[in-house]
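Asks: Have a look at this one before I ask anything.
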Amino acid sequence: MKRNKNLHPLSWEHHHTLTSVVLTRRHIKNCAPRARLVQIAREFAAFHREALLPHFRHEEEWLLPRYLRHASAGDAAVTRLLREHVTLHRLVYDLTLAERNSADLVAPLTALTDALEAHVRFEEREMFPMIEAVLTADELSSLGEELLRSVSDAVVIPGGDGCRVKAASENAPLPDSL
Ligand SMILES: [Fe+2]
């Protein structure tokens with residue numbers, strides 16, 4: 001995929017998120033036992049804390065301010081991105097509550113994975129191309145430096161049997177699945 005290299009750290013995190021979506025859906029489709037779904041729900045709670053929260057923060061504090069230098073304060077894409085971040089926090093919260101209350105986990109896991117996929121697709125297919133088109137070369141390179149300085153430690157991919165992945169290095173090619 002053709003993606004400005006300064007956005008690669010965020011795109012790699014999107015790829016890991018899509019991997020968690022595919023793996024979790026496979027467990028649901030194969031009627032995994034409840035104990036397995038409980039484990040996945042706990043993995044999502046950790047993934048939210050260790051991967052999604054810093055990822056959202058980097059987008060909100062570093063990416064969007066640069067974009068907003070070229071867009072209106074009420075830009076629809078910015079509004080959608082922020083609204084979806086809050087919705088994703090809520091869906092993780094719903095899942096955690098369902099797990100604690102011994103309630104059904106298929107519905108909250110399905111809602112969360114569907115929302116994660118839609119959000120990643122929106123950012124990769126709509127938001128990032130707009131950002132690549134309007135940010136200056138200096139804005140893109142300073143963003144890339146900030147992102148590379150704060151690449152997170154390896155995280156467990158929900159549904160991945162404990163498999164840990166490290167956020168990408170600068171030079172690794174991005175997968176086509178994005
Ligand atoms: Fe994102």
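All residue names refer to the structure tokens as shown: chains lettered A, B, ... in order, residues numbered from 1 in each chain, ligands numbered from 1 in order.
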Any idea what's packed within 12 Å of Leu95 in chain A, counting only C-alpha atoms, ignoring anything in its chain fewer than 5 positions away? Could you give it as a PDB file with N, CA and C atoms, in the first residue's frame?

Replies:
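Wrote it out as out00.pdb, contents follow:
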```pdb
ATOM      1  N   LEU A  37     -13.886 -16.974  25.447  1.00  0.00           N
ATOM      2  CA  LEU A  37     -14.388 -15.614  25.193  1.00  0.00           C
ATOM      3  C   LEU A  37     -14.075 -14.687  26.365  1.00  0.00           C
ATOM      4  N   VAL A  38     -14.105 -15.241  27.588  1.00  0.00           N
ATOM      5  CA  VAL A  38     -13.722 -14.445  28.763  1.00  0.00           C
ATOM      6  C   VAL A  38     -12.265 -14.003  28.621  1.00  0.00           C
ATOM      7  N   GLN A  39     -11.429 -14.940  28.193  1.00  0.00           N
ATOM      8  CA  GLN A  39     -10.008 -14.603  28.007  1.00  0.00           C
ATOM      9  C   GLN A  39      -9.850 -13.492  26.954  1.00  0.00           C
ATOM     10  N   ILE A  40     -10.598 -13.600  25.864  1.00  0.00           N
ATOM     11  CA  ILE A  40     -10.505 -12.580  24.807  1.00  0.00           C
ATOM     12  C   ILE A  40     -11.004 -11.227  25.332  1.00  0.00           C
ATOM     13  N   ALA A  41     -12.073 -11.246  26.116  1.00  0.00           N
ATOM     14  CA  ALA A  41     -12.586  -9.985  26.680  1.00  0.00           C
ATOM     15  C   ALA A  41     -11.515  -9.331  27.556  1.00  0.00           C
ATOM     16  N   ARG A  42     -10.815 -10.137  28.344  1.00  0.00           N
ATOM     17  CA  ARG A  42      -9.737  -9.578  29.187  1.00  0.00           C
ATOM     18  C   ARG A  42      -8.568  -9.088  28.334  1.00  0.00           C
ATOM     19  N   GLU A  43      -8.302  -9.817  27.252  1.00  0.00           N
ATOM     20  CA  GLU A  43      -7.226  -9.360  26.349  1.00  0.00           C
ATOM     21  C   GLU A  43      -7.600  -8.026  25.700  1.00  0.00           C
ATOM     22  N   PHE A  44      -8.887  -7.853  25.388  1.00  0.00           N
ATOM     23  CA  PHE A  44      -9.309  -6.573  24.814  1.00  0.00           C
ATOM     24  C   PHE A  44      -9.182  -5.442  25.840  1.00  0.00           C
ATOM     25  N   ALA A  45      -9.461  -5.742  27.106  1.00  0.00           N
ATOM     26  CA  ALA A  45      -9.303  -4.704  28.135  1.00  0.00           C
ATOM     27  C   ALA A  45      -7.842  -4.255  28.205  1.00  0.00           C
ATOM     28  N   HIS A  48      -6.903  -2.352  25.006  1.00  0.00           N
ATOM     29  CA  HIS A  48      -7.436  -0.985  25.079  1.00  0.00           C
ATOM     30  C   HIS A  48      -6.478  -0.097  25.876  1.00  0.00           C
ATOM     31  N   LEU A  88     -15.801   3.695  20.830  1.00  0.00           N
ATOM     32  CA  LEU A  88     -14.961   2.512  21.075  1.00  0.00           C
ATOM     33  C   LEU A  88     -14.643   2.365  22.560  1.00  0.00           C
ATOM     34  N   HIS A  89     -14.407   3.474  23.260  1.00  0.00           N
ATOM     35  CA  HIS A  89     -14.219   3.388  24.724  1.00  0.00           C
ATOM     36  C   HIS A  89     -15.467   2.772  25.357  1.00  0.00           C
ATOM     37  N   ARG A  90     -16.623   3.233  24.893  1.00  0.00           N
ATOM     38  CA  ARG A  90     -17.879   2.723  25.478  1.00  0.00           C
ATOM     39  C   ARG A  90     -18.041   1.219  25.204  1.00  0.00           C
ATOM     40  N   ARG A 100     -17.657  -9.143  33.627  1.00  0.00           N
ATOM     41  CA  ARG A 100     -17.757  -9.131  35.095  1.00  0.00           C
ATOM     42  C   ARG A 100     -19.104  -9.669  35.579  1.00  0.00           C
ATOM     43  N   ASN A 101     -20.158  -9.410  34.796  1.00  0.00           N
ATOM     44  CA  ASN A 101     -21.506  -9.817  35.205  1.00  0.00           C
ATOM     45  C   ASN A 101     -21.887 -11.199  34.681  1.00  0.00           C
ATOM     46  N   SER A 102     -20.908 -11.898  34.115  1.00  0.00           N
ATOM     47  CA  SER A 102     -21.153 -13.238  33.554  1.00  0.00           C
ATOM     48  C   SER A 102     -22.275 -13.230  32.521  1.00  0.00           C
ATOM     49  N   ALA A 103     -22.389 -12.146  31.786  1.00  0.00           N
ATOM     50  CA  ALA A 103     -23.427 -12.023  30.749  1.00  0.00           C
ATOM     51  C   ALA A 103     -22.874 -12.530  29.411  1.00  0.00           C
ATOM     52  N   ASP A 104     -23.753 -12.553  28.409  1.00  0.00           N
ATOM     53  CA  ASP A 104     -23.354 -12.974  27.069  1.00  0.00           C
ATOM     54  C   ASP A 104     -22.186 -12.117  26.557  1.00  0.00           C
ATOM     55  N   LEU A 105     -21.208 -12.783  25.922  1.00  0.00           N
ATOM     56  CA  LEU A 105     -20.051 -12.030  25.416  1.00  0.00           C
ATOM     57  C   LEU A 105     -20.037 -11.923  23.889  1.00  0.00           C
ATOM     58  N   VAL A 106     -20.844 -12.737  23.230  1.00  0.00           N
ATOM     59  CA  VAL A 106     -20.824 -12.718  21.760  1.00  0.00           C
ATOM     60  C   VAL A 106     -21.289 -11.361  21.237  1.00  0.00           C
ATOM     61  N   ALA A 107     -22.380 -10.842  21.786  1.00  0.00           N
ATOM     62  CA  ALA A 107     -22.910  -9.566  21.278  1.00  0.00           C
ATOM     63  C   ALA A 107     -21.934  -8.409  21.513  1.00  0.00           C
ATOM     64  N   PRO A 108     -21.393  -8.228  22.727  1.00  0.00           N
ATOM     65  CA  PRO A 108     -20.449  -7.111  22.894  1.00  0.00           C
ATOM     66  C   PRO A 108     -19.142  -7.287  22.130  1.00  0.00           C
ATOM     67  N   LEU A 109     -18.686  -8.548  21.973  1.00  0.00           N
ATOM     68  CA  LEU A 109     -17.467  -8.758  21.170  1.00  0.00           C
ATOM     69  C   LEU A 109     -17.745  -8.448  19.697  1.00  0.00           C
ATOM     70  N   THR A 110     -18.931  -8.813  19.224  1.00  0.00           N
ATOM     71  CA  THR A 110     -19.288  -8.532  17.826  1.00  0.00           C
ATOM     72  C   THR A 110     -19.410  -7.024  17.602  1.00  0.00           C
ATOM     73  N   ALA A 111     -20.057  -6.343  18.543  1.00  0.00           N
ATOM     74  CA  ALA A 111     -20.211  -4.892  18.397  1.00  0.00           C
ATOM     75  C   ALA A 111     -18.845  -4.198  18.390  1.00  0.00           C
ATOM     76  N   LEU A 112     -17.964  -4.633  19.284  1.00  0.00           N
ATOM     77  CA  LEU A 112     -16.641  -3.997  19.365  1.00  0.00           C
ATOM     78  C   LEU A 112     -15.816  -4.277  18.113  1.00  0.00           C
ATOM     79  N   THR A 113     -15.780  -5.520  17.662  1.00  0.00           N
ATOM     80  CA  THR A 113     -14.945  -5.836  16.497  1.00  0.00           C
ATOM     81  C   THR A 113     -15.502  -5.163  15.229  1.00  0.00           C
TER      82      THR A 113
END
```

Asks: Taking only C-alpha atoms and all ligand atoms into account, which residues have an atom no farther than 7 Å from ligand 1? I'd like them as a PyMOL selection string.

Replies: chain A and resi 10+14+55-56+59+120+123

Asks: One number please: CA of Ala154 in chain A to CA of Trp12 in chain A, in Å, one decimal.

Replies: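 It comes out at 12.2 Å.
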
Asks: Do you have, as a tab-separated table, the list of residues of range 29-124 of chain A lying at most 10 Å from range 136-142 of chain A, each with its nearest atom pair and that distance in Å to one decimal, counting only C-alpha atoms and ordered by chain then number?

Replies:
```
residue	atom	partner	partner_atom	distance
A:Trp62	CA	A:Ser142	CA	9.4
A:Leu63	CA	A:Leu140	CA	9.0
A:Arg66	CA	A:Glu139	CA	6.8
A:Tyr67	CA	A:Glu139	CA	9.1
A:His70	CA	A:Thr136	CA	9.8
```

Asks: Got time to write the residues from that selection, N, CA and C atoms, as a short mmCIF file (atom, residue, chain, number, x, y, z; two decimals), in the first residue's frame?

Replies:
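result00.cif written:
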```
data_model
loop_
_atom_site.label_atom_id
_atom_site.label_comp_id
_atom_site.auth_asym_id
_atom_site.auth_seq_id
_atom_site.Cartn_x
_atom_site.Cartn_y
_atom_site.Cartn_z
N TRP A 62 -1.44 14.76 18.14
CA TRP A 62 -0.37 15.04 17.17
C TRP A 62 -0.89 15.12 15.73
N LEU A 63 -1.76 14.17 15.38
CA LEU A 63 -2.23 14.11 13.99
C LEU A 63 -3.29 15.19 13.70
N ARG A 66 -2.36 19.00 13.48
CA ARG A 66 -1.69 19.36 12.21
C ARG A 66 -2.73 19.46 11.10
N TYR A 67 -3.63 18.49 11.04
CA TYR A 67 -4.67 18.50 9.99
C TYR A 67 -5.55 19.75 10.12
N HIS A 70 -5.27 23.02 8.35
CA HIS A 70 -5.68 23.10 6.95
C HIS A 70 -7.18 22.88 6.76
#
```

Asks: Pull the strand (DSSP E) assignments for range 36-169 of chain A out of DSSP run on the backbone, and list those residues as a ChimeraX atom specification.

Replies: /A:155-156,164-165

Asks: Restricting the output to C-alpha atoms, write the selected residues as a PDB file, in the first residue's frame.

Replies:
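Okay, out37.pdb is ready:
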```pdb
ATOM      1  CA  VAL A 155       1.175  -5.990  22.997  1.00  0.00           C
ATOM      2  CA  VAL A 156      -0.945  -9.141  23.167  1.00  0.00           C
ATOM      3  CA  ARG A 164       2.609 -10.533  21.201  1.00  0.00           C
ATOM      4  CA  VAL A 165       3.398  -8.143  18.386  1.00  0.00           C
TER       5      VAL A 165
END
```

Asks: Please measure the separation of CA of His27 in chain A and CA of Cys163 in chain A, giving the value in Å to one decimal.

Replies: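 Going from CA of His27 in chain A over to CA of Cys163 in chain A, I get 15.1 Å.
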
Asks: I need the residue nearest Val151 in chain A from this list: A:Ala46, A:Leu23, A:Lys166, A:Glu124. Use only C-alpha atoms for the distance.

Replies: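 Going through A:Ala46, A:Leu23, A:Lys166, A:Glu124 one by one, the smallest distance to Val151 in chain A is for A:Lys166.
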
Asks: Could you give me the residues within range 6-70 of chain A that DSSP places in alpha helix (DSSP H), as a PyMOL selection string?

Replies: chain A and resi 8-29+34-47+53-58+64-68

Asks: Store the residues picked out above in a file with N, CA and C atoms, as a CSV table (one decimal), in the first residue's frame.

Replies:
```
chain,number,residue,atom,x,y,z
A,8,HIS,N,3.3,5.4,9.0
A,8,HIS,CA,3.4,4.0,9.1
A,8,HIS,C,3.2,3.5,10.5
A,9,PRO,N,3.7,4.2,11.6
A,9,PRO,CA,3.5,3.6,12.9
A,9,PRO,C,2.0,3.5,13.2
A,10,LEU,N,1.2,4.5,12.8
A,10,LEU,CA,-0.2,4.4,13.1
A,10,LEU,C,-0.9,3.3,12.2
A,11,SER,N,-0.4,3.2,11.0
A,11,SER,CA,-1.0,2.2,10.1
A,11,SER,C,-0.7,0.8,10.6
A,12,TRP,N,0.5,0.6,11.1
A,12,TRP,CA,0.9,-0.7,11.7
A,12,TRP,C,0.0,-1.0,12.9
A,13,GLU,N,-0.3,0.0,13.7
A,13,GLU,CA,-1.2,-0.3,14.8
A,13,GLU,C,-2.6,-0.6,14.3
A,14,HIS,N,-3.0,0.0,13.2
A,14,HIS,CA,-4.3,-0.4,12.6
A,14,HIS,C,-4.3,-1.8,12.1
A,15,HIS,N,-3.2,-2.3,11.5
A,15,HIS,CA,-3.1,-3.6,11.1
A,15,HIS,C,-3.2,-4.6,12.3
A,16,HIS,N,-2.6,-4.3,13.4
A,16,HIS,CA,-2.7,-5.2,14.6
A,16,HIS,C,-4.1,-5.2,15.1
A,17,THR,N,-4.8,-4.1,15.0
A,17,THR,CA,-6.2,-4.0,15.4
A,17,THR,C,-7.1,-4.9,14.5
A,18,LEU,N,-6.8,-4.8,13.2
A,18,LEU,CA,-7.6,-5.7,12.3
A,18,LEU,C,-7.3,-7.2,12.5
A,19,THR,N,-6.1,-7.5,12.9
A,19,THR,CA,-5.8,-8.9,13.2
A,19,THR,C,-6.6,-9.4,14.4
A,20,SER,N,-6.7,-8.5,15.4
A,20,SER,CA,-7.5,-8.9,16.6
A,20,SER,C,-9.0,-9.1,16.1
A,21,VAL,N,-9.5,-8.3,15.2
A,21,VAL,CA,-10.9,-8.5,14.7
A,21,VAL,C,-11.0,-9.8,14.0
A,22,VAL,N,-10.1,-10.1,13.1
A,22,VAL,CA,-10.2,-11.4,12.4
A,22,VAL,C,-10.2,-12.6,13.3
A,23,LEU,N,-9.2,-12.6,14.2
A,23,LEU,CA,-9.0,-13.7,15.2
A,23,LEU,C,-10.2,-13.9,16.1
A,24,THR,N,-10.8,-12.8,16.6
A,24,THR,CA,-11.9,-12.8,17.5
A,24,THR,C,-13.2,-13.4,16.7
A,25,ARG,N,-13.4,-12.9,15.5
A,25,ARG,CA,-14.5,-13.3,14.8
A,25,ARG,C,-14.4,-14.8,14.5
A,26,ARG,N,-13.2,-15.3,14.3
A,26,ARG,CA,-13.0,-16.8,14.0
A,26,ARG,C,-13.4,-17.6,15.3
A,27,HIS,N,-13.1,-17.1,16.4
A,27,HIS,CA,-13.4,-17.8,17.7
A,27,HIS,C,-15.0,-17.8,17.8
A,28,ILE,N,-15.6,-16.7,17.5
A,28,ILE,CA,-17.1,-16.6,17.7
A,28,ILE,C,-17.7,-17.6,16.7
A,29,LYS,N,-17.2,-17.5,15.4
A,29,LYS,CA,-17.8,-18.4,14.4
A,29,LYS,C,-17.7,-19.9,14.7
A,34,ARG,N,-17.1,-20.5,26.5
A,34,ARG,CA,-17.2,-19.2,27.2
A,34,ARG,C,-15.8,-18.9,27.9
A,35,ALA,N,-15.1,-19.8,28.4
A,35,ALA,CA,-13.8,-19.5,29.0
A,35,ALA,C,-12.9,-18.8,28.0
A,36,ARG,N,-13.0,-19.2,26.8
A,36,ARG,CA,-12.1,-18.6,25.8
A,36,ARG,C,-12.6,-17.2,25.5
A,37,LEU,N,-13.9,-17.0,25.4
A,37,LEU,CA,-14.4,-15.6,25.2
A,37,LEU,C,-14.1,-14.7,26.4
A,38,VAL,N,-14.1,-15.2,27.6
A,38,VAL,CA,-13.7,-14.4,28.8
A,38,VAL,C,-12.3,-14.0,28.6
A,39,GLN,N,-11.4,-14.9,28.2
A,39,GLN,CA,-10.0,-14.6,28.0
A,39,GLN,C,-9.8,-13.5,27.0
A,40,ILE,N,-10.6,-13.6,25.9
A,40,ILE,CA,-10.5,-12.6,24.8
A,40,ILE,C,-11.0,-11.2,25.3
A,41,ALA,N,-12.1,-11.2,26.1
A,41,ALA,CA,-12.6,-10.0,26.7
A,41,ALA,C,-11.5,-9.3,27.6
A,42,ARG,N,-10.8,-10.1,28.3
A,42,ARG,CA,-9.7,-9.6,29.2
A,42,ARG,C,-8.6,-9.1,28.3
A,43,GLU,N,-8.3,-9.8,27.3
A,43,GLU,CA,-7.2,-9.4,26.3
A,43,GLU,C,-7.6,-8.0,25.7
A,44,PHE,N,-8.9,-7.9,25.4
A,44,PHE,CA,-9.3,-6.6,24.8
A,44,PHE,C,-9.2,-5.4,25.8
A,45,ALA,N,-9.5,-5.7,27.1
A,45,ALA,CA,-9.3,-4.7,28.1
A,45,ALA,C,-7.8,-4.3,28.2
A,46,ALA,N,-6.9,-5.2,28.1
A,46,ALA,CA,-5.5,-4.9,28.2
A,46,ALA,C,-5.1,-4.2,26.9
A,47,PHE,N,-5.6,-4.6,25.8
A,47,PHE,CA,-5.2,-4.0,24.5
A,47,PHE,C,-5.7,-2.6,24.4
A,53,LEU,N,-5.5,3.2,23.8
A,53,LEU,CA,-5.4,4.5,24.4
A,53,LEU,C,-4.2,5.4,23.9
A,54,PRO,N,-3.0,4.8,23.9
A,54,PRO,CA,-1.9,5.7,23.3
A,54,PRO,C,-2.1,6.0,21.8
A,55,HIS,N,-2.7,5.0,21.1
A,55,HIS,CA,-2.9,5.3,19.6
A,55,HIS,C,-3.9,6.4,19.4
A,56,PHE,N,-5.0,6.4,20.2
A,56,PHE,CA,-6.0,7.5,20.0
A,56,PHE,C,-5.4,8.8,20.5
A,57,ARG,N,-4.6,8.7,21.5
A,57,ARG,CA,-4.0,10.0,22.0
A,57,ARG,C,-3.0,10.6,21.0
A,58,HIS,N,-2.3,9.7,20.3
A,58,HIS,CA,-1.3,10.2,19.3
A,58,HIS,C,-2.1,10.9,18.1
A,64,LEU,N,-4.4,15.2,14.5
A,64,LEU,CA,-5.5,16.1,14.2
A,64,LEU,C,-5.1,17.6,14.3
A,65,PRO,N,-4.3,18.0,15.3
A,65,PRO,CA,-3.9,19.4,15.3
A,65,PRO,C,-3.2,19.9,14.0
A,66,ARG,N,-2.4,19.0,13.5
A,66,ARG,CA,-1.7,19.4,12.2
A,66,ARG,C,-2.7,19.5,11.1
A,67,TYR,N,-3.6,18.5,11.0
A,67,TYR,CA,-4.7,18.5,10.0
A,67,TYR,C,-5.5,19.7,10.1
A,68,LEU,N,-5.9,20.1,11.4
A,68,LEU,CA,-6.8,21.3,11.6
A,68,LEU,C,-6.2,22.6,11.2
```

Asks: Between CA of Ala76 in chain A and CA of Glu132 in chain A, what is the distance, to one decimal in Å?

Replies: 17.0 Å
